[in-house]
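What's in target13.tsv: TSV, C-alpha atoms
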```tsv
chain	number	residue	atom	x	y	z
A	159	MET	CA	34.00	166.29	105.99
A	160	LYS	CA	32.78	163.45	103.82
A	161	LEU	CA	32.06	166.05	101.14
A	162	VAL	CA	35.62	167.40	101.38
A	163	LYS	CA	37.10	163.91	101.03
A	164	SER	CA	34.82	163.11	98.15
A	165	ILE	CA	35.74	166.28	96.31
A	166	LEU	CA	39.42	165.72	96.93
A	167	SER	CA	39.35	162.19	95.59
A	168	ILE	CA	37.77	163.44	92.36
A	169	SER	CA	40.31	166.24	92.25
A	170	LEU	CA	43.19	163.78	92.45
A	171	LEU	CA	41.89	161.73	89.60
A	172	SER	CA	41.17	164.55	87.26
A	173	PHE	CA	44.61	166.10	87.21
A	174	VAL	CA	46.09	164.13	84.37
A	175	GLY	CA	42.99	162.51	83.02
A	176	LEU	CA	43.06	158.84	82.24
A	177	THR	CA	44.34	158.74	78.71
A	178	ALA	CA	47.98	158.00	77.96
A	179	TYR	CA	49.36	158.79	74.54
A	180	ALA	CA	51.79	156.44	72.80
A	181	HIS	CA	54.71	155.61	75.12
A	182	GLU	CA	53.81	158.27	77.63
A	183	PRO	CA	53.38	157.29	81.27
A	184	LEU	CA	50.02	155.69	81.88
A	185	TYR	CA	49.64	157.48	85.22
A	186	GLY	CA	51.44	160.68	84.28
A	187	PHE	CA	52.03	162.54	81.06
A	188	GLY	CA	54.71	162.95	78.43
A	189	PRO	CA	55.80	165.03	75.44
A	190	HIS	CA	54.41	162.86	72.63
A	191	VAL	CA	52.49	164.79	69.96
A	192	LEU	CA	50.67	163.48	66.91
A	193	PHE	CA	52.00	163.88	63.39
A	194	LYS	CA	50.54	166.83	61.47
A	195	GLY	CA	47.02	166.05	60.29
A	196	GLY	CA	46.90	162.80	62.27
A	197	PHE	CA	43.98	161.69	64.43
A	198	GLY	CA	44.39	159.74	67.66
A	199	PRO	CA	41.18	158.26	69.08
A	200	HIS	CA	41.43	156.58	72.49
A	201	ILE	CA	39.29	154.57	74.84
A	202	THR	CA	40.48	154.14	78.42
A	203	LEU	CA	39.09	151.72	81.00
A	204	ASN	CA	39.93	152.44	84.62
A	205	PHE	CA	39.09	150.25	87.64
A	206	THR	CA	39.52	151.27	91.27
A	207	GLY	CA	37.59	149.06	93.69
A	208	SER	CA	33.92	149.41	92.80
A	209	LEU	CA	34.56	152.50	90.67
A	210	PHE	CA	34.69	151.90	86.94
A	211	GLU	CA	35.58	154.81	84.69
A	212	THR	CA	35.85	155.17	80.96
A	213	GLU	CA	37.39	158.04	79.09
A	214	TYR	CA	36.92	158.83	75.44
A	215	ALA	CA	39.48	161.05	73.80
A	216	LEU	CA	40.32	162.33	70.37
A	217	GLY	CA	43.61	164.00	69.55
A	218	TYR	CA	44.47	165.91	66.38
A	219	GLY	CA	47.88	166.97	65.09
A	220	ILE	CA	47.38	170.66	64.35
A	221	THR	CA	51.05	171.12	63.48
A	222	PRO	CA	54.00	168.70	63.76
A	223	ALA	CA	54.60	170.12	67.25
A	224	TRP	CA	51.12	170.96	68.53
A	225	THR	CA	48.33	168.54	69.36
A	226	GLY	CA	44.82	169.42	70.51
A	227	ILE	CA	42.85	166.85	72.49
A	228	LEU	CA	39.22	166.57	73.53
A	229	GLU	CA	38.35	164.21	76.36
A	230	THR	CA	35.24	163.24	78.24
A	231	GLY	CA	34.90	160.90	81.20
A	232	LEU	CA	32.09	158.61	82.30
A	233	SER	CA	31.97	156.64	85.52
A	234	ASN	CA	29.93	153.92	87.12
A	235	GLN	CA	29.97	153.23	90.84
A	236	ASN	CA	27.61	150.65	92.30
A	237	GLY	CA	25.34	150.93	89.29
A	238	ASN	CA	25.19	154.74	89.27
A	239	TYR	CA	26.36	156.20	86.00
A	240	SER	CA	27.57	159.77	85.65
A	241	LEU	CA	29.18	161.99	83.06
A	242	ASP	CA	32.12	163.45	84.96
A	243	TYR	CA	33.84	166.09	82.86
A	244	TYR	CA	34.77	167.57	79.54
A	245	ARG	CA	38.38	168.42	78.95
A	246	LEU	CA	40.18	170.51	76.38
A	247	LYS	CA	43.90	169.83	76.28
A	248	SER	CA	46.75	171.41	74.38
A	249	LYS	CA	50.20	169.96	74.09
A	250	TYR	CA	52.99	171.95	72.48
A	251	ARG	CA	56.40	170.38	71.94
A	252	PHE	CA	58.92	173.18	72.26
A	253	TYR	CA	62.07	171.09	72.13
A	254	LEU	CA	62.96	168.26	69.77
A	255	ASN	CA	66.35	166.65	69.26
A	256	ASN	CA	66.11	163.71	66.89
A	257	GLN	CA	69.14	161.48	66.48
A	258	LYS	CA	69.62	158.04	64.99
A	259	GLY	CA	67.66	155.61	67.16
A	260	TYR	CA	66.39	158.04	69.75
A	261	SER	CA	64.62	161.31	70.33
A	262	HIS	CA	64.75	163.84	73.15
A	263	GLN	CA	61.61	165.91	73.50
A	264	ALA	CA	60.03	168.45	75.85
A	265	ALA	CA	56.52	169.85	75.84
A	266	PHE	CA	54.20	172.21	77.65
A	267	ILE	CA	50.75	170.94	78.46
A	268	SER	CA	47.75	173.00	79.45
A	269	GLN	CA	44.28	171.71	80.03
A	270	LEU	CA	40.92	173.03	81.04
A	271	THR	CA	38.59	170.62	82.79
A	272	LEU	CA	34.97	171.65	82.80
A	273	PRO	CA	32.54	169.92	85.11
A	274	SER	CA	29.52	168.32	83.54
A	275	GLN	CA	27.33	169.17	86.54
A	276	PRO	CA	27.19	172.27	88.77
A	277	ASP	CA	28.39	170.48	91.93
A	278	GLN	CA	31.48	169.02	90.28
A	279	LEU	CA	34.96	170.51	90.16
A	280	GLY	CA	36.69	172.27	87.33
A	281	ALA	CA	40.39	172.82	86.97
A	282	PHE	CA	43.09	174.47	84.94
A	283	ASP	CA	46.35	172.56	84.84
A	284	MET	CA	49.76	173.31	83.38
A	285	ALA	CA	52.73	171.00	83.15
A	286	PHE	CA	56.19	170.66	81.72
A	287	THR	CA	57.21	167.27	80.53
A	288	GLY	CA	60.23	165.85	78.78
A	289	GLY	CA	62.01	162.65	78.07
A	290	ARG	CA	63.74	160.27	75.78
A	291	GLU	CA	62.29	157.70	73.43
A	292	GLY	CA	64.89	155.23	72.21
A	293	LEU	CA	65.18	151.86	70.53
A	294	LYS	CA	66.08	150.27	73.87
A	295	PHE	CA	65.41	152.69	76.74
A	296	TYR	CA	62.86	155.32	77.62
A	297	TRP	CA	62.60	157.86	80.36
A	298	PHE	CA	60.15	160.65	81.12
A	299	ALA	CA	60.09	163.31	83.81
A	300	SER	CA	57.16	165.65	84.35
A	301	ALA	CA	55.89	168.22	86.80
A	302	GLY	CA	52.60	170.06	86.81
A	303	TYR	CA	50.54	172.49	88.83
A	304	GLY	CA	46.78	172.77	88.83
A	305	VAL	CA	44.27	175.32	90.03
A	306	VAL	CA	41.02	173.73	91.09
A	307	PHE	CA	37.78	175.71	91.06
A	308	SER	CA	34.38	174.97	92.44
A	309	SER	CA	30.98	176.61	92.25
A	310	THR	CA	30.32	175.80	95.92
A	311	GLN	CA	31.63	177.60	99.02
A	312	LEU	CA	34.25	174.90	99.37
A	313	ASN	CA	37.40	175.60	97.41
A	314	PRO	CA	39.72	172.64	97.16
A	315	GLY	CA	43.40	173.54	97.37
A	316	ASN	CA	45.58	173.61	94.32
A	317	ARG	CA	47.65	170.60	93.41
A	318	PHE	CA	51.13	169.64	92.34
A	319	ILE	CA	52.02	166.42	90.56
A	320	TYR	CA	55.29	164.93	89.45
A	321	ASN	CA	56.10	161.74	87.61
A	322	PHE	CA	59.24	159.85	86.71
A	323	THR	CA	59.10	156.88	84.37
A	324	LEU	CA	61.67	154.39	83.05
A	325	GLY	CA	61.01	152.13	80.08
A	326	TYR	CA	62.77	149.17	78.51
A	327	ARG	CA	62.16	147.36	75.22
A	328	PRO	CA	62.98	143.67	75.82
A	329	PHE	CA	62.84	142.54	72.18
A	330	LYS	CA	64.55	143.86	69.07
A	331	VAL	CA	62.23	146.23	67.24
A	332	LYS	CA	61.18	145.76	63.61
A	333	TYR	CA	58.95	148.27	61.90
A	334	TYR	CA	56.37	145.82	60.57
A	335	LYS	CA	56.34	143.54	63.64
A	336	PRO	CA	54.51	143.79	67.00
A	337	ASP	CA	56.39	145.78	69.61
A	338	LEU	CA	56.46	145.72	73.41
A	339	VAL	CA	57.91	148.20	75.92
A	340	LEU	CA	57.80	147.74	79.71
A	341	PHE	CA	57.71	150.66	82.14
A	342	VAL	CA	57.95	151.46	85.81
A	343	GLU	CA	56.24	154.69	86.78
A	344	THR	CA	56.50	156.72	89.97
A	345	THR	CA	53.93	159.39	90.61
A	346	GLY	CA	53.89	161.88	93.46
A	347	PHE	CA	51.03	164.16	94.35
A	348	THR	CA	50.62	167.04	96.78
A	349	HIS	CA	47.33	168.72	97.53
A	350	GLN	CA	47.19	172.07	99.31
A	351	LYS	CA	44.68	172.73	102.06
A	352	SER	CA	41.10	173.42	101.10
A	353	LYS	CA	39.13	176.50	102.08
A	354	LEU	CA	35.53	176.69	103.21
A	355	ASN	CA	33.97	180.17	103.06
A	356	GLY	CA	37.50	181.54	102.84
A	357	ASP	CA	38.73	179.73	105.96
A	358	ILE	CA	41.35	177.00	105.75
A	359	VAL	CA	40.00	173.55	106.47
A	360	GLN	CA	42.66	172.19	108.82
A	361	ASP	CA	42.40	168.48	108.21
A	362	THR	CA	42.92	168.70	104.47
A	363	GLY	CA	46.00	168.72	102.28
A	364	GLY	CA	48.81	166.23	102.02
A	365	SER	CA	50.81	164.06	99.68
A	366	TYR	CA	51.11	160.56	98.34
A	367	LEU	CA	53.47	158.48	96.27
A	368	ALA	CA	52.45	155.64	93.96
A	369	VAL	CA	54.31	153.13	91.79
A	370	ALA	CA	53.01	151.43	88.66
A	371	PRO	CA	54.42	148.72	86.41
A	372	THR	CA	52.91	149.25	82.96
A	373	PHE	CA	53.28	147.98	79.40
A	374	PHE	CA	52.81	149.31	75.88
A	375	PHE	CA	52.03	146.86	73.09
A	376	THR	CA	51.70	147.99	69.50
A	377	TYR	CA	51.14	146.53	66.10
A	378	ARG	CA	51.31	148.97	63.21
A	379	ASN	CA	49.03	151.90	64.16
A	380	PHE	CA	47.15	150.06	66.93
A	381	ALA	CA	48.27	150.26	70.55
A	382	VAL	CA	47.27	148.84	73.91
A	383	ARG	CA	48.63	150.44	77.06
A	384	GLY	CA	47.95	148.83	80.43
A	385	GLY	CA	49.14	148.66	84.01
A	386	VAL	CA	48.40	148.60	87.69
A	387	GLN	CA	49.18	151.33	90.22
A	388	PHE	CA	49.87	150.83	93.93
A	389	GLY	CA	49.95	153.55	96.53
A	390	VAL	CA	53.18	153.21	98.56
A	391	TRP	CA	53.27	156.24	100.84
A	392	ASP	CA	51.03	159.03	102.09
A	393	ASP	CA	51.30	161.99	104.42
A	394	LYS	CA	48.95	164.24	106.37
A	395	PHE	CA	45.35	164.18	105.15
A	396	VAL	CA	45.72	162.70	101.70
A	397	THR	CA	45.56	158.93	101.65
A	398	LYS	CA	47.52	156.88	99.18
A	399	PRO	CA	45.41	155.76	96.22
A	400	ASP	CA	43.71	152.39	96.12
A	401	THR	CA	45.10	149.82	93.72
A	402	ASN	CA	44.09	150.83	90.24
A	403	PHE	CA	43.96	148.92	86.97
A	404	LYS	CA	44.01	150.78	83.70
A	405	LEU	CA	43.83	149.85	80.03
A	406	THR	CA	44.00	152.23	77.08
A	407	ILE	CA	43.33	151.38	73.45
A	408	GLU	CA	44.74	153.84	70.95
A	409	LEU	CA	44.75	154.20	67.20
A	410	HIS	CA	46.76	156.56	65.00
A	411	ILE	CA	45.01	157.35	61.74
B	511	MET	CA	16.37	145.36	10.05
B	512	LYS	CA	18.31	142.22	9.28
B	513	ILE	CA	22.07	142.12	9.66
B	514	THR	CA	23.70	140.39	6.73
B	515	THR	CA	26.58	137.98	6.99
B	516	LEU	CA	28.81	140.52	5.26
B	517	GLN	CA	27.97	143.17	7.86
B	518	GLN	CA	28.68	140.71	10.66
B	519	THR	CA	32.04	139.91	9.10
B	520	LYS	CA	32.88	143.64	8.86
B	521	VAL	CA	32.08	144.16	12.54
B	522	TRP	CA	34.31	141.24	13.49
B	523	VAL	CA	37.17	142.56	11.36
B	524	ILE	CA	36.91	145.99	12.97
B	525	LEU	CA	36.83	144.54	16.50
B	526	VAL	CA	39.79	142.24	15.90
B	527	THR	CA	41.76	145.12	14.31
B	528	LEU	CA	41.06	147.39	17.31
B	529	LEU	CA	42.11	144.65	19.68
B	530	VAL	CA	45.36	144.03	17.83
B	531	LEU	CA	46.12	147.77	17.67
B	532	ALA	CA	45.43	148.17	21.37
B	533	ASN	CA	47.78	145.34	22.24
B	534	THR	CA	50.43	146.62	19.88
B	535	SER	CA	50.31	150.08	21.47
B	536	VAL	CA	50.77	148.52	24.94
B	537	TRP	CA	53.75	146.51	23.71
B	538	ALA	CA	55.17	149.54	22.01
B	539	GLN	CA	55.28	151.52	25.23
B	540	GLU	CA	58.59	151.88	27.01
B	541	PRO	CA	58.47	150.32	30.48
B	542	ALA	CA	57.95	153.17	32.98
B	543	SER	CA	61.31	154.00	34.55
B	544	THR	CA	61.54	154.03	38.32
B	545	THR	CA	63.31	156.33	40.72
B	546	TYR	CA	64.41	154.79	43.99
B	547	ILE	CA	64.48	157.13	46.98
B	548	GLN	CA	66.31	156.62	50.24
B	549	VAL	CA	65.83	158.99	53.18
B	550	ARG	CA	67.88	158.92	56.33
B	551	VAL	CA	65.49	159.83	59.15
B	552	ASP	CA	66.60	160.73	62.67
B	553	GLY	CA	64.30	160.12	65.64
B	554	LEU	CA	62.89	156.77	64.51
B	555	SER	CA	62.62	154.76	67.71
B	556	CYS	CA	59.16	153.23	67.78
B	557	PRO	CA	57.03	151.57	65.08
B	558	PHE	CA	53.80	153.07	66.41
B	559	CYS	CA	55.21	156.61	66.28
B	560	ALA	CA	56.74	156.01	62.83
B	561	TYR	CA	53.36	155.10	61.37
B	562	GLY	CA	52.75	158.78	60.61
B	563	LEU	CA	55.82	158.78	58.39
B	564	GLU	CA	54.57	155.75	56.48
B	565	LYS	CA	51.15	157.30	56.05
B	566	LYS	CA	52.56	160.54	54.68
B	567	LEU	CA	55.15	158.97	52.36
B	568	LYS	CA	52.50	156.70	50.87
B	569	LYS	CA	50.52	159.80	49.92
B	570	LEU	CA	53.24	160.75	47.43
B	571	GLU	CA	51.88	160.08	43.97
B	572	GLY	CA	52.99	156.68	42.70
B	573	ALA	CA	54.95	155.79	45.83
B	574	LYS	CA	55.25	152.06	46.45
B	575	ASN	CA	57.43	149.39	48.05
B	576	LEU	CA	57.98	151.53	51.14
B	577	GLN	CA	60.38	150.05	53.67
B	578	ILE	CA	61.22	151.60	57.03
B	579	SER	CA	64.04	150.52	59.28
B	580	LEU	CA	64.06	151.84	62.82
B	581	GLU	CA	67.43	150.28	63.49
B	582	ASN	CA	69.11	151.92	60.51
B	583	GLY	CA	67.04	155.12	60.72
B	584	MET	CA	66.11	154.86	57.09
B	585	ALA	CA	63.12	154.83	54.74
B	586	THR	CA	63.24	153.70	51.12
B	587	PHE	CA	60.55	153.69	48.49
B	588	GLU	CA	60.16	154.03	44.75
B	589	VAL	CA	58.14	156.25	42.44
B	590	PRO	CA	57.71	156.44	38.67
B	591	THR	CA	60.46	158.73	37.42
B	592	ASN	CA	57.96	161.15	35.90
B	593	LYS	CA	56.45	161.60	39.38
B	594	LYS	CA	59.71	162.03	41.23
B	595	PRO	CA	59.11	164.41	44.17
B	596	GLU	CA	61.29	167.42	44.94
B	597	LYS	CA	63.78	166.93	47.74
B	598	ALA	CA	62.13	169.73	49.71
B	599	LYS	CA	58.79	167.94	49.53
B	600	VAL	CA	60.26	164.76	50.98
B	601	GLU	CA	61.93	166.80	53.73
B	602	LYS	CA	58.62	168.47	54.61
B	603	ILE	CA	56.85	165.10	54.82
B	604	VAL	CA	59.46	163.79	57.24
B	605	THR	CA	59.29	166.97	59.34
B	606	ASP	CA	55.49	166.95	59.45
B	607	ALA	CA	55.64	163.38	60.73
B	608	GLY	CA	57.73	164.59	63.69
B	609	PHE	CA	61.14	163.39	62.53
B	610	THR	CA	64.28	165.00	61.19
B	611	PRO	CA	65.30	164.41	57.58
B	612	ARG	CA	69.00	163.98	56.88
B	613	GLU	CA	70.51	162.68	53.67
B	614	ILE	CA	68.12	162.03	50.77
B	615	LYS	CA	69.34	159.92	47.82
B	616	PHE	CA	67.66	159.47	44.44
B	617	SER	CA	68.77	156.58	42.27
B	618	SER	CA	67.75	155.00	38.98
B	619	THR	CA	68.77	151.59	40.30
B	620	PRO	CA	67.63	149.83	43.45
B	621	PHE	CA	69.71	150.40	46.56
B	622	LYS	CA	72.04	147.60	47.56
B	623	ALA	CA	70.77	145.04	50.03
B	624	ASN	CA	72.76	146.51	52.90
B	625	GLU	CA	71.34	149.97	52.14
B	626	VAL	CA	67.72	148.84	52.23
B	627	PRO	CA	65.89	148.86	55.55
B	628	ASN	CA	65.34	145.41	57.02
```
As structure tokens - that is how I would like this structure written.
Amino acid sequence: MKLVKSILSISLLSFVGLTAYAHEPLYGFGPHVLFKGGFGPHITLNFTGSLFETEYALGYGITPAWTGILETGLSNQNGNYSLDYYRLKSKYRFYLNNQKGYSHQAAFISQLTLPSQPDQLGAFDMAFTGGREGLKFYWFASAGYGVVFSSTQLNPGNRFIYNFTLGYRPFKVKYYKPDLVLFVETTGFTHQKSKLNGDIVQDTGGSYLAVAPTFFFTYRNFAVRGGVQFGVWDDKFVTKPDTNFKLTIELHI
Amino acid sequence: MKITTLQQTKVWVILVTLLVLANTSVWAQEPASTTYIQVRVDGLSCPFCAYGLEKKLKKLEGAKNLQISLENGMATFEVPTNKKPEKAKVEKIVTDAGFTPREIKFSSTPFKANEVPN
């Protein structure tokens, strides 16, 4: 059972990856895509108890509406380093309504997570995400479904995630000045029951809800995104996540 | 081979003449005329996201003095008149940056203070 719990905890983390892009939710995802021909390198630092993870990502604006992203994750727990995954992500913005001072957008995200070692999990995730970016207020709403696959006889159940985020810019924005936006994020997660040799493992599956205050600070094409997430509710056999601290550094070039 | 004083004088005369001619030709040139361009851009809501627009507009040949106002939803810049871009090219740049181009104005005089992004 320890193995099941261990696999599930990794499964929870790997759904959305660690990297947040621009004003997108730090613990969810959003419709932001890079400008055509633009590069977006990221470094993300993630702390949960004794677990320290880093993610390196590089996005590229293939078209004005389509961004491709490569990600890889490393972790260190109690001095043991491991390369956790490789991820190929595609984000296609299928709806864009630009008006003076705000933008409504919606995108479809798909991502393939490949394990770096045979005993780790892989996954294919799909999500719809949309929201508003404005001079004063932001909101994002997202929902995704993921199929998890394993090379062992244990097949973790599939997963469903949803996120709702509100953002507020406390200071008047000027193009050439530093900018700050504050967010409150709510993330819900449901994991279906796992199967072992084709049989349902009874004490698996469940849901949790977490809340995270986060910030986004930018100056020109440099951005820092940070926040802390608290688990507030859980149900059945999924426990709410431990308090997590996350920091992302992003550049648009 | 020895260089005589006369030869030295000739060299000096030639150099001074060339220098004077060069300066005269610079003075004789008309000052390059400037075209001022103002683009109304919808969707500008964040300086970080608008950086792509700045990067792309600056790639226009001769573009300088770029100003972007998120509040007014406007970008202004200037180019030498002989390098004035087509309207369609400016529209494509704005679209590629993820924004929506609206009205584009070309002017031979700078835009008034209240028309320039702050």
Inset, instruction - Work out how far atom CA of B:Cys559 is from atom CA of B:Lys615, in Å to one decimal. - result: 23.5 Å
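In terms of minimum interatomic distance to B:Thr619, B:Ile547 ranks closest within B:Ile547, B:Leu516, B:Val523, B:Leu554, counting all atoms listed in the file.
Excluding B:Ser543 itself and any same-chain residue fewer than 3 positions from it, the protein and nucleic acid residues within 10 Å of it, counting only C-alpha atoms, are B:Glu540, B:Tyr546, B:Val589, B:Pro590, B:Thr591, B:Asn592, B:Ser618, B:Thr619.
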Legend entry - Atom pair atom CA of A:Gly304 / atom CA of A:Tyr320: separation (Å): 11.6 Å
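Within the 10 Å cut-off around B:Gly583, using all atoms listed in the file and omitting residues fewer than 2 positions from it on the same chain, the listed residues are Gln257, Lys258, Gly259 and Tyr260 of chain A; Val549, Arg550, Val551, Asp552, Gly553, Leu554, Ser555, Ile578, Ser579, Leu580, Glu581, Ala585, Pro611, Arg612 and Pro627 of chain B.
Taking atom CA of B:Glu601 and atom CA of A:Asn255 as the two end points, the separation is 16.1 Å.
For chain A, the residues within 7 Å of chain B are Phe193, Lys194, Pro222, Asn256, Gln257, Lys258, Gly259, Tyr260, Ser261, Glu291, Gly292, Leu293, Lys332, Tyr333, Thr376, Arg378 and Asn379 of chain A, with all atoms listed in the file used to measure distance.
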What box, with edges along x, y and z, holds each listed atom of stretch 344-352 of chain A when 8 Å is added on every side, and can you state its centre and edge lengths in Å to one decimal, as JSON?
```
{"center_x": 48.8, "center_y": 165.1, "center_z": 96.0, "size_x": 31.4, "size_y": 32.7, "size_z": 28.1}
```
Legend entry - Nearby residues (only C-alpha atoms) at most 9 Å from A:Val390, same-chain spacing under 4 positions excluded, as an MDAnalysis selection string: chainID A and resid 366:369 398:399
Legend entry - 7 Å contact set for stretch 264-270 of chain A, all atoms listed in the file, chain neighbours under 5 positions out, as a ChimeraX atom specification: /A:189,245-254,281-289
Inset, instruction - Could you give me, as a PyMOL selection string, the residues within 8 Å of A:Gly315, counting all atoms listed in the file and dropping anything in the same chain fewer than 3 positions from it? - result: chain A and resi 305-306+349-353+363
